[in-house]
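Undergrad: Data file start.cif (mmCIF, C-alpha atoms) is appended below.
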```cif
data_final
loop_
_atom_site.label_atom_id
_atom_site.label_comp_id
_atom_site.auth_asym_id
_atom_site.auth_seq_id
_atom_site.Cartn_x
_atom_site.Cartn_y
_atom_site.Cartn_z
CA MET A 1 -113.27 -29.97 -5.51
CA THR A 2 -121.87 -29.22 2.37
CA THR A 3 -123.71 -31.70 4.39
CA THR A 4 -127.03 -31.38 6.07
CA SER A 5 -128.42 -33.20 9.07
CA PRO A 6 -132.19 -33.07 8.77
CA THR A 7 -134.30 -34.07 11.72
CA SER A 8 -137.64 -35.76 11.49
CA THR A 9 -140.70 -35.58 13.70
CA ASN A 10 -142.60 -38.36 11.92
CA SER A 11 -143.92 -41.10 14.14
CA ALA A 12 -142.97 -43.84 11.67
CA PRO A 13 -140.00 -45.89 12.89
CA THR A 14 -136.71 -44.91 11.29
CA ALA A 15 -133.15 -46.10 11.67
CA ALA A 16 -131.30 -44.39 14.49
CA PRO A 17 -129.00 -41.69 13.05
CA LEU A 18 -125.28 -41.82 13.55
CA PRO A 19 -123.98 -39.59 16.35
CA ALA A 20 -123.35 -36.08 15.07
CA ASP A 21 -119.60 -36.29 15.63
CA TRP A 22 -119.34 -39.31 13.31
CA ARG A 23 -121.32 -37.57 10.62
CA ASP A 24 -119.08 -34.54 10.99
CA LEU A 25 -115.91 -36.63 10.82
CA PHE A 26 -117.23 -38.22 7.65
CA ALA A 27 -117.99 -34.77 6.24
CA LEU A 28 -114.34 -33.83 6.79
CA THR A 29 -113.36 -36.37 4.15
CA LYS A 30 -115.29 -34.44 1.46
CA PRO A 31 -117.32 -37.50 0.40
CA ARG A 32 -118.54 -35.97 -2.86
CA VAL A 33 -115.01 -35.28 -4.00
CA MET A 34 -113.86 -38.66 -2.70
CA THR A 35 -116.42 -40.38 -4.94
CA LEU A 36 -114.55 -39.21 -8.03
CA VAL A 37 -111.20 -40.06 -6.44
CA ILE A 38 -112.33 -43.61 -5.64
CA PHE A 39 -113.89 -44.08 -9.07
CA THR A 40 -110.77 -43.04 -11.00
CA GLY A 41 -108.64 -45.18 -8.68
CA ILE A 42 -110.85 -48.21 -9.39
CA CYS A 43 -110.70 -47.51 -13.12
CA GLY A 44 -106.92 -47.30 -13.05
CA LEU A 45 -106.74 -50.63 -11.25
CA LEU A 46 -109.25 -52.36 -13.55
CA ALA A 47 -107.75 -50.96 -16.76
CA ALA A 48 -104.28 -52.23 -15.88
CA PRO A 49 -103.08 -55.23 -17.94
CA GLU A 50 -102.48 -57.36 -14.84
CA ARG A 51 -104.93 -58.62 -12.23
CA ILE A 52 -104.46 -58.87 -8.49
CA HIS A 53 -106.44 -60.80 -5.89
CA PRO A 54 -109.85 -59.19 -5.25
CA ILE A 55 -109.07 -58.72 -1.55
CA LEU A 56 -105.84 -56.88 -2.40
CA ALA A 57 -107.71 -54.84 -5.00
CA PHE A 58 -110.32 -53.87 -2.40
CA THR A 59 -107.55 -53.01 0.06
CA ALA A 60 -105.82 -50.80 -2.50
CA ILE A 61 -109.01 -48.84 -3.21
CA LEU A 62 -109.76 -48.59 0.51
CA CYS A 63 -106.30 -47.11 1.05
CA ILE A 64 -106.81 -44.61 -1.77
CA ALA A 65 -110.13 -43.58 -0.19
CA MET A 66 -108.60 -43.29 3.29
CA GLY A 67 -105.66 -41.27 2.00
CA ALA A 68 -107.89 -38.93 0.01
CA GLY A 69 -110.26 -38.53 2.94
CA GLY A 70 -107.40 -37.85 5.33
CA ALA A 71 -105.88 -35.25 3.01
CA ALA A 72 -109.28 -33.57 2.65
CA ALA A 73 -109.65 -33.49 6.43
CA LEU A 74 -106.21 -31.90 6.78
CA ASN A 75 -107.30 -29.33 4.20
CA GLN A 76 -110.40 -28.45 6.22
CA TRP A 77 -108.42 -28.38 9.48
CA TRP A 78 -105.93 -25.90 8.02
CA GLU A 79 -108.55 -23.75 6.25
CA ALA A 80 -111.23 -23.69 8.96
CA ASP A 81 -111.05 -19.90 9.32
CA LEU A 82 -111.15 -19.36 5.55
CA ASP A 83 -114.08 -21.75 5.20
CA ALA A 84 -116.00 -19.74 7.79
CA GLY A 85 -115.76 -16.67 5.56
CA MET A 86 -117.11 -18.27 2.39
CA LYS A 87 -120.77 -18.98 1.74
CA ARG A 88 -119.95 -22.21 -0.12
CA THR A 89 -118.06 -23.71 2.83
CA ALA A 90 -119.48 -21.97 5.90
CA ASN A 91 -121.65 -24.96 6.84
CA ARG A 92 -118.75 -27.37 7.14
CA PRO A 93 -118.27 -28.96 10.60
CA LEU A 94 -115.30 -26.85 11.74
CA PRO A 95 -116.67 -23.39 10.82
CA GLN A 96 -119.96 -24.35 12.43
CA GLY A 97 -118.20 -25.40 15.65
CA ARG A 98 -119.60 -28.93 15.53
CA LEU A 99 -116.09 -30.34 15.75
CA ASP A 100 -112.93 -29.06 17.41
CA ARG A 101 -109.79 -28.58 15.33
CA THR A 102 -107.62 -30.92 17.38
CA THR A 103 -109.99 -33.81 16.79
CA ALA A 104 -110.08 -33.00 13.08
CA ARG A 105 -106.29 -32.89 12.87
CA ASP A 106 -105.83 -36.16 14.74
CA PHE A 107 -108.51 -37.91 12.71
CA ALA A 108 -106.86 -36.74 9.49
CA GLY A 109 -103.41 -37.82 10.64
CA VAL A 110 -104.58 -41.32 11.57
CA LEU A 111 -106.37 -41.76 8.23
CA CYS A 112 -103.34 -40.64 6.23
CA ALA A 113 -100.83 -42.74 8.14
CA ALA A 114 -103.04 -45.84 8.18
CA SER A 115 -103.70 -45.60 4.44
CA VAL A 116 -99.99 -45.49 3.56
CA PHE A 117 -98.89 -48.27 5.89
CA LEU A 118 -101.79 -50.56 5.01
CA MET A 119 -101.09 -50.04 1.30
CA GLY A 120 -97.40 -50.77 1.85
CA PHE A 121 -97.80 -53.93 3.91
CA ALA A 122 -100.78 -55.38 2.02
CA VAL A 123 -100.26 -54.29 -1.60
CA GLY A 124 -96.80 -52.87 -2.18
CA TRP A 125 -94.50 -50.08 -1.15
CA LEU A 126 -94.38 -48.40 -4.57
CA PRO A 127 -98.13 -47.61 -4.63
CA ALA A 128 -97.81 -46.72 -0.93
CA ALA A 129 -95.05 -44.23 -1.71
CA ILE A 130 -97.10 -42.64 -4.50
CA LEU A 131 -100.09 -42.45 -2.14
CA ALA A 132 -97.92 -40.72 0.48
CA ILE A 133 -96.72 -38.24 -2.15
CA SER A 134 -100.31 -37.51 -3.20
CA ILE A 135 -101.34 -36.83 0.41
CA PHE A 136 -98.37 -34.51 0.97
CA TYR A 137 -99.00 -32.79 -2.36
CA TYR A 138 -102.61 -31.95 -1.52
CA ALA A 139 -102.31 -31.23 2.20
CA VAL A 140 -99.02 -29.31 2.15
CA VAL A 141 -97.95 -28.27 -1.37
CA TYR A 142 -101.45 -27.23 -2.48
CA THR A 143 -103.31 -26.31 0.72
CA ILE A 144 -100.56 -24.64 2.73
CA TRP A 145 -98.16 -23.36 0.10
CA LEU A 146 -99.83 -22.81 -3.29
CA LYS A 147 -103.45 -21.92 -2.57
CA PRO A 148 -102.87 -18.74 -0.54
CA ARG A 149 -99.94 -17.53 -2.66
CA THR A 150 -100.50 -17.89 -6.39
CA PRO A 151 -103.34 -17.90 -8.94
CA GLN A 152 -101.58 -20.93 -10.44
CA ASN A 153 -102.58 -22.91 -7.35
CA ILE A 154 -105.10 -25.01 -9.29
CA VAL A 155 -102.72 -25.63 -12.20
CA ILE A 156 -99.82 -26.87 -10.08
CA GLY A 157 -102.03 -28.33 -7.37
CA GLY A 158 -104.03 -30.27 -9.96
CA GLY A 159 -101.51 -33.06 -9.59
CA ALA A 160 -102.98 -33.93 -6.22
CA GLY A 161 -106.25 -35.14 -7.70
CA ALA A 162 -104.54 -36.86 -10.62
CA PHE A 163 -102.81 -39.55 -8.57
CA PRO A 164 -105.65 -42.09 -7.94
CA PRO A 165 -105.64 -43.86 -11.36
CA LEU A 166 -101.85 -43.94 -11.27
CA ILE A 167 -101.92 -45.50 -7.80
CA GLY A 168 -104.59 -48.01 -8.85
CA TRP A 169 -102.61 -49.03 -11.93
CA VAL A 170 -99.34 -49.40 -9.99
CA ALA A 171 -101.14 -51.39 -7.27
CA ALA A 172 -102.16 -53.90 -9.95
CA THR A 173 -98.92 -54.03 -11.92
CA GLY A 174 -96.21 -53.13 -9.44
CA HIS A 175 -94.57 -50.61 -11.77
CA VAL A 176 -95.09 -47.25 -13.49
CA SER A 177 -95.56 -47.16 -17.26
CA LEU A 178 -96.67 -44.66 -19.90
CA MET A 179 -100.40 -45.45 -19.72
CA PRO A 180 -100.94 -44.53 -16.04
CA VAL A 181 -98.82 -41.42 -16.55
CA LEU A 182 -101.20 -40.41 -19.36
CA LEU A 183 -104.19 -41.01 -17.06
CA PHE A 184 -102.49 -38.75 -14.52
CA ALA A 185 -101.93 -36.10 -17.21
CA ILE A 186 -105.57 -36.21 -18.36
CA ILE A 187 -106.83 -35.34 -14.87
CA PHE A 188 -104.05 -32.79 -14.45
CA PHE A 189 -105.15 -30.87 -17.58
CA TRP A 190 -108.85 -31.39 -16.78
CA THR A 191 -108.56 -29.76 -13.35
CA PRO A 192 -108.02 -26.08 -14.33
CA PRO A 193 -111.09 -25.70 -16.59
CA HIS A 194 -113.16 -27.75 -14.13
CA PHE A 195 -112.21 -25.66 -11.10
CA TRP A 196 -111.96 -22.27 -12.81
CA ALA A 197 -115.50 -22.72 -14.15
CA LEU A 198 -116.56 -23.01 -10.50
CA ALA A 199 -114.31 -20.12 -9.46
CA LEU A 200 -115.98 -17.82 -11.99
CA PHE A 201 -119.37 -18.06 -10.32
CA VAL A 202 -118.08 -18.09 -6.72
CA LYS A 203 -115.46 -15.40 -7.36
CA SER A 204 -116.77 -13.14 -4.60
CA ASP A 205 -116.26 -15.86 -1.99
CA TYR A 206 -112.57 -16.21 -2.80
CA ALA A 207 -112.08 -12.45 -3.00
CA LYS A 208 -113.69 -11.99 0.42
CA VAL A 209 -111.19 -14.28 2.17
CA GLY A 210 -108.16 -13.23 0.13
CA ILE A 211 -107.56 -16.45 -1.81
CA PRO A 212 -105.79 -15.50 -5.08
CA MET A 213 -107.86 -17.60 -7.47
CA MET A 214 -107.36 -16.77 -11.14
CA PRO A 215 -110.62 -14.78 -11.60
CA VAL A 216 -109.78 -12.68 -8.53
CA VAL A 217 -106.16 -11.91 -9.45
CA ALA A 218 -106.05 -12.00 -13.26
CA GLY A 219 -109.68 -11.17 -13.97
CA GLU A 220 -112.46 -13.05 -15.68
CA LYS A 221 -111.24 -12.47 -19.24
CA ALA A 222 -107.85 -14.06 -18.57
CA THR A 223 -109.49 -16.93 -16.70
CA ARG A 224 -111.83 -17.65 -19.60
CA ARG A 225 -108.89 -17.73 -22.03
CA GLN A 226 -107.08 -20.17 -19.74
CA ILE A 227 -110.15 -22.42 -19.52
CA LEU A 228 -110.31 -22.55 -23.31
CA LEU A 229 -106.57 -23.21 -23.62
CA TYR A 230 -106.65 -26.18 -21.26
CA ALA A 231 -109.76 -27.59 -22.96
CA VAL A 232 -107.96 -27.42 -26.33
CA LEU A 233 -104.95 -29.25 -24.87
CA LEU A 234 -107.14 -31.82 -23.12
CA LEU A 235 -108.77 -33.14 -26.31
CA PRO A 236 -105.65 -34.64 -27.97
CA LEU A 237 -104.29 -35.70 -24.60
CA ALA A 238 -107.47 -37.67 -23.83
CA VAL A 239 -107.20 -39.45 -27.19
CA LEU A 240 -103.49 -40.24 -26.77
CA PRO A 241 -103.97 -43.56 -24.89
CA TRP A 242 -105.76 -44.83 -28.03
CA ALA A 243 -103.21 -43.27 -30.38
CA ILE A 244 -100.31 -45.13 -28.73
CA GLY A 245 -102.18 -48.45 -28.80
CA GLY A 246 -102.89 -48.56 -25.09
CA THR A 247 -106.65 -48.84 -25.65
CA HIS A 248 -109.10 -49.89 -28.33
CA ALA A 249 -111.71 -47.98 -30.34
CA ILE A 250 -114.35 -47.97 -27.58
CA TYR A 251 -112.19 -45.68 -25.47
CA GLY A 252 -110.82 -43.72 -28.42
CA ILE A 253 -114.19 -42.82 -29.92
CA SER A 254 -115.60 -42.05 -26.46
CA ALA A 255 -112.64 -39.76 -25.75
CA ILE A 256 -113.15 -37.87 -29.02
CA VAL A 257 -116.88 -37.37 -28.46
CA LEU A 258 -116.67 -36.51 -24.76
CA SER A 259 -113.70 -34.19 -25.17
CA SER A 260 -115.24 -32.43 -28.17
CA LEU A 261 -118.32 -31.62 -26.10
CA PHE A 262 -116.06 -30.45 -23.26
CA LEU A 263 -114.30 -28.16 -25.72
CA ALA A 264 -117.58 -26.85 -27.13
CA LEU A 265 -118.81 -25.90 -23.66
CA SER A 266 -115.41 -24.35 -22.90
CA VAL A 267 -115.63 -22.24 -26.08
CA ARG A 268 -118.95 -20.81 -24.83
CA VAL A 269 -117.32 -19.89 -21.52
CA GLY A 270 -114.05 -18.73 -23.03
CA LEU A 271 -115.55 -16.31 -25.54
CA ARG A 272 -118.29 -14.73 -23.46
CA GLU A 273 -118.31 -11.88 -20.98
CA ARG A 274 -120.44 -11.47 -17.90
CA SER A 275 -123.50 -9.45 -18.97
CA GLY A 276 -123.86 -7.70 -15.62
CA PRO A 277 -124.40 -8.25 -11.89
CA ASP A 278 -127.55 -10.27 -12.60
CA ASP A 279 -125.79 -12.70 -14.95
CA THR A 280 -126.71 -16.23 -13.83
CA MET A 281 -123.45 -17.65 -15.24
CA LYS A 282 -125.35 -20.51 -16.85
CA PRO A 283 -122.60 -21.52 -19.34
CA GLU A 284 -120.02 -21.64 -16.53
CA LYS A 285 -122.31 -23.76 -14.36
CA GLN A 286 -123.01 -26.08 -17.29
CA LEU A 287 -119.29 -26.51 -17.95
CA PHE A 288 -118.61 -27.25 -14.29
CA ALA A 289 -121.42 -29.83 -14.13
CA TYR A 290 -120.40 -31.47 -17.39
CA SER A 291 -116.74 -31.59 -16.38
CA ILE A 292 -117.66 -33.99 -13.57
CA VAL A 293 -119.76 -36.15 -15.92
CA TYR A 294 -116.90 -36.02 -18.43
CA LEU A 295 -114.33 -37.54 -16.11
CA PHE A 296 -116.69 -40.26 -14.88
CA ALA A 297 -117.67 -41.17 -18.47
CA LEU A 298 -114.12 -41.06 -19.84
CA PHE A 299 -112.74 -43.40 -17.18
CA ALA A 300 -115.77 -45.66 -17.41
CA ALA A 301 -115.07 -45.96 -21.16
CA LEU A 302 -111.49 -46.91 -20.31
CA VAL A 303 -112.68 -49.86 -18.21
CA VAL A 304 -115.33 -50.96 -20.73
CA ASP A 305 -112.67 -50.82 -23.45
CA ARG A 306 -110.42 -53.06 -21.35
CA PHE A 307 -113.00 -55.83 -21.00
CA ILE A 308 -115.01 -55.55 -24.25
CA VAL A 309 -112.86 -55.95 -27.33
CA PHE A 310 -114.38 -56.44 -30.78
#
```
Can the structure in the file be given as C-alpha cells, please?
TA:
Amino acid sequence: MTTTSPTSTNSAPTAAPLPADWRDLFALTKPRVMTLVIFTGICGLLAAPERIHPILAFTAILCIAMGAGGAAALNQWWEADLDAGMKRTANRPLPQGRLDRTTARDFAGVLCAASVFLMGFAVGWLPAAILAISIFYYAVVYTIWLKPRTPQNIVIGGGAGAFPPLIGWVAATGHVSLMPVLLFAIIFFWTPPHFWALALFVKSDYAKVGIPMMPVVAGEKATRRQILLYAVLLLPLAVLPWAIGGTHAIYGISAIVLSSLFLALSVRVGLRERSGPDDTMKPEKQLFAYSIVYLFALFAALVVDRFIVF
C-alpha cells in the first residue's frame, strides 16, 4: 500500500518545521496509506444504521488511525533491510538511518496498544478486539509470515486492509452483521488487482530483495490473468449491498459504473503483454491509480446513499 524534507533558504518568515525525528516517526505510519484506511473506517461508521455520540465516533476513528499507523510502523521496523534494497522504499526513515530500529519498534508498540485499549474503554470491546486482530493480521500474519513465503501474500494478507469499515460499523452498532462483512469483502477482493498492478511495474524491486510477489514467482502472464479474475469477481460483489437491500440506488448505480470502469481497465492489463524493456507500463499505472480513486468513490457513494434517499 516516501517523504521528503525540503529545506528553504528564502528570507520570508515561515513556520518552524517539526524536528526531523517527529517527521520520521510520522512517516513510519505510512500516512498516504493511512488516509484510505481512515476514510473507509469513517464511511463504515457513517453508513451504519445507528448513530453514536460525535466524541465517541471521533475516538473510534482516531483508534483506527493509531492502530493502522502502529501496524505500518511495525511493518517498516521488520522490513528495514528489505526496504533499503528497493528503490521505491529506500528513502524511508529506517533505511536512511534517520531513525533507529528500537525507537521505531517502541513507537509502533505504543501506538498499537494505545489504540486497542482506548477503543475498548471508550467505545466497546468488540470493535477493540477486531482492531487488535487487524493489527496482528498485518504486522504478523502478512508482514512476517506471508509476504516472504508465498506469492499469495497479497490475496490472504488483503484482509488486513479490509478491516477499517467493519470496525467503524461495529463501533457504531455494537455488533457484526452482513453489511459490514460485505464491505470487508469488497476491499479484500479489490486488494489483489490494486497491488498486483503496482507489482507489475516495480517487479524488479521485489525480485532484487527476494520477495515472492506474483509477477516474480508466477510471471507476468499469470499475474495479469489473476488481476482480471479478481476484477470480474469484484463487480457483482460491489453491487451486492444494493442487491440485498442494504443500500439504495445511489450506491447501486455508482457501484455498477465504478466497477465496470475498474473491470475495463483490468481487461486492458489482463490481455496485454509487455512490449519490451522500454514498455512504460501505462495501462498498469492507470489501473493502479484508478483503483485508489475507485475505493474512495465507492465508499463515498455508500455514505451519500445513507443520507440522501429519494
Undergrad: Can you write out as CSV which residues of segment 14-119 of chain A fall within 12 Å of segment 131-154 of chain A, alongside each residue's closest atom pair and its distance in Å to one decimal, counting only C-alpha atoms and ordering rows by chain and ascending residue number?
TA:
```
residue,atom,partner,partner_atom,distance
A:Val37,CA,A:Ser134,CA,11.6
A:Gly41,CA,A:Leu131,CA,11.1
A:Ala60,CA,A:Leu131,CA,10.1
A:Ile61,CA,A:Leu131,CA,11.0
A:Leu62,CA,A:Leu131,CA,11.8
A:Cys63,CA,A:Leu131,CA,8.4
A:Ile64,CA,A:Leu131,CA,7.1
A:Ala65,CA,A:Leu131,CA,10.3
A:Met66,CA,A:Leu131,CA,10.1
A:Gly67,CA,A:Ile135,CA,6.4
A:Ala68,CA,A:Ile135,CA,6.9
A:Gly69,CA,A:Ile135,CA,9.4
A:Gly70,CA,A:Ile135,CA,7.9
A:Ala71,CA,A:Ala139,CA,5.4
A:Ala72,CA,A:Ala139,CA,7.4
A:Ala73,CA,A:Ala139,CA,8.8
A:Leu74,CA,A:Ala139,CA,6.1
A:Asn75,CA,A:Ala139,CA,5.7
A:Gln76,CA,A:Thr143,CA,9.2
A:Trp77,CA,A:Ala139,CA,9.9
A:Trp78,CA,A:Ile144,CA,7.6
A:Glu79,CA,A:Thr143,CA,8.0
A:Ala80,CA,A:Thr143,CA,11.7
A:Leu82,CA,A:Pro148,CA,10.3
A:Arg105,CA,A:Ala139,CA,11.5
A:Ala108,CA,A:Ala139,CA,10.2
A:Gly109,CA,A:Ile135,CA,10.5
A:Leu111,CA,A:Ile135,CA,10.5
A:Cys112,CA,A:Ile135,CA,7.2
A:Ala113,CA,A:Ala132,CA,8.4
A:Ala114,CA,A:Ala132,CA,10.6
A:Ser115,CA,A:Leu131,CA,8.1
A:Val116,CA,A:Ala132,CA,6.0
A:Phe117,CA,A:Ala132,CA,9.3
A:Leu118,CA,A:Leu131,CA,10.9
A:Met119,CA,A:Leu131,CA,8.4
```
Undergrad: Take the PyMOL selection byres ((chain A and resi 290-295) around 9), apply it to the structure above, and return the hits as a VMD selection string.
TA: chain A and resid 36 40 187 190 to 191 193 to 194 258 to 259 261 to 262 265 285 to 289 296 to 300
Undergrad: Counting only C-alpha atoms, figure out which residue out of A:Ser177, A:Thr89, A:Gln226, A:Ser266 gets nearest to Met214 of chain A.
TA: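 Nearest candidate to Met214 of chain A out of A:Ser177, A:Thr89, A:Gln226, A:Ser266: A:Gln226.
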Undergrad: Using all atoms of segment 40-46 of chain A listed in the file and a margin of 6 Å per side, can you give the axis-aligned box centre and edge lengths in Å to one decimal, as lines of an AutoDock Vina configuration file?
TA:
```
center_x = -108.8
center_y = -47.7
center_z = -11.1
size_x = 16.1
size_y = 21.3
size_z = 16.9
```
Undergrad: Quick one: everything within 10 Å of Ala185 of chain A, counting all atoms listed in the file, minus sequence neighbours fewer than 3 positions away in the same chain. Send it as a list in words.
TA: Gly158, Gly159, Ala162, Phe163, Leu166, Met179, Pro180, Val181, Leu182, Phe188, Phe189, Trp190, Thr191, Leu234, Leu237 and Ala238 of chain A
Undergrad: Write out as number ranges by chain which residues come within 10 Å of Leu178 of chain A when counting all atoms listed in the file, dropping same-chain ones fewer than 5 positions away.
TA: A: 183-184, 241, 244, 246
Undergrad: Quick one, how far is atom CA of Ala172 of chain A from atom CA of Ile130 of chain A?
TA: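 These atoms are spaced 13.5 Å apart.
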Undergrad: Which one is closest to Val123 of chain A: A:Pro165, A:Gly174, A:Gly97, A:Gly157? Count all atoms listed in the file.
TA: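 Going through A:Pro165, A:Gly174, A:Gly97, A:Gly157 one by one, the smallest distance to Val123 of chain A is for A:Gly174.
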Undergrad: To one decimal place in Å, what is the distance between atom CA of Pro49 of chain A and atom CA of Gly124 of chain A?
TA: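 Answer for the atom CA of Pro49 of chain A to atom CA of Gly124 of chain A separation: 17.1 Å.
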Undergrad: Just to confirm, what's the straight-line distance from atom CA of Thr103 of chain A to atom CA of Asn91 of chain A in Å (one decimal)?
TA: 17.7 Å
Undergrad: On this structure, the PyMOL selection byres ((chain A and resi 85) around 9) would catch which residues? List them as a PDB file with C-alpha atoms, in the frame of the given file, sorted by chain and number.
TA:
```
ATOM      1  CA  ASP A  81    -111.050 -19.900   9.320  1.00  0.00           C
ATOM      2  CA  LEU A  82    -111.150 -19.360   5.550  1.00  0.00           C
ATOM      3  CA  ASP A  83    -114.080 -21.750   5.200  1.00  0.00           C
ATOM      4  CA  ALA A  84    -116.000 -19.740   7.790  1.00  0.00           C
ATOM      5  CA  MET A  86    -117.110 -18.270   2.390  1.00  0.00           C
ATOM      6  CA  LYS A  87    -120.770 -18.980   1.740  1.00  0.00           C
ATOM      7  CA  ARG A  88    -119.950 -22.210  -0.120  1.00  0.00           C
ATOM      8  CA  THR A  89    -118.060 -23.710   2.830  1.00  0.00           C
ATOM      9  CA  ALA A  90    -119.480 -21.970   5.900  1.00  0.00           C
ATOM     10  CA  PRO A  95    -116.670 -23.390  10.820  1.00  0.00           C
ATOM     11  CA  ASP A 205    -116.260 -15.860  -1.990  1.00  0.00           C
ATOM     12  CA  TYR A 206    -112.570 -16.210  -2.800  1.00  0.00           C
ATOM     13  CA  LYS A 208    -113.690 -11.990   0.420  1.00  0.00           C
ATOM     14  CA  VAL A 209    -111.190 -14.280   2.170  1.00  0.00           C
TER      15      VAL A 209
END
```
Undergrad: Let me make sure I understand: among A:Ile253, A:Met213, A:Ala128, A:Leu263, which one has the smallest atom-to-atom distance to Val232 of chain A if we use all atoms listed in the file?
TA: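 Comparing A:Ile253, A:Met213, A:Ala128, A:Leu263 against Val232 of chain A, the winner is A:Leu263.
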Undergrad: Could you pull the residues within 9 Å of Ile308 of chain A, counting all atoms listed in the file, minus those fewer than 4 positions along the same chain, as a list of chain:residue names?
TA: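 Within the cut-off, the hits are A:Ile250, A:Val303, A:Val304.
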Undergrad: A:Leu99, A:Ile186, A:Thr223, A:Pro215: which is nearest Leu235 of chain A, counting only C-alpha atoms?
TA: A:Ile186
Undergrad: Near Leu46 of chain A, counting only C-alpha atoms, which residues have an atom at most 9 Å away, once you skip same-chain residues fewer than 2 positions from it, shown as number ranges by chain?
TA: A: 41-44, 48-51, 168-169, 172, 302-303, 306
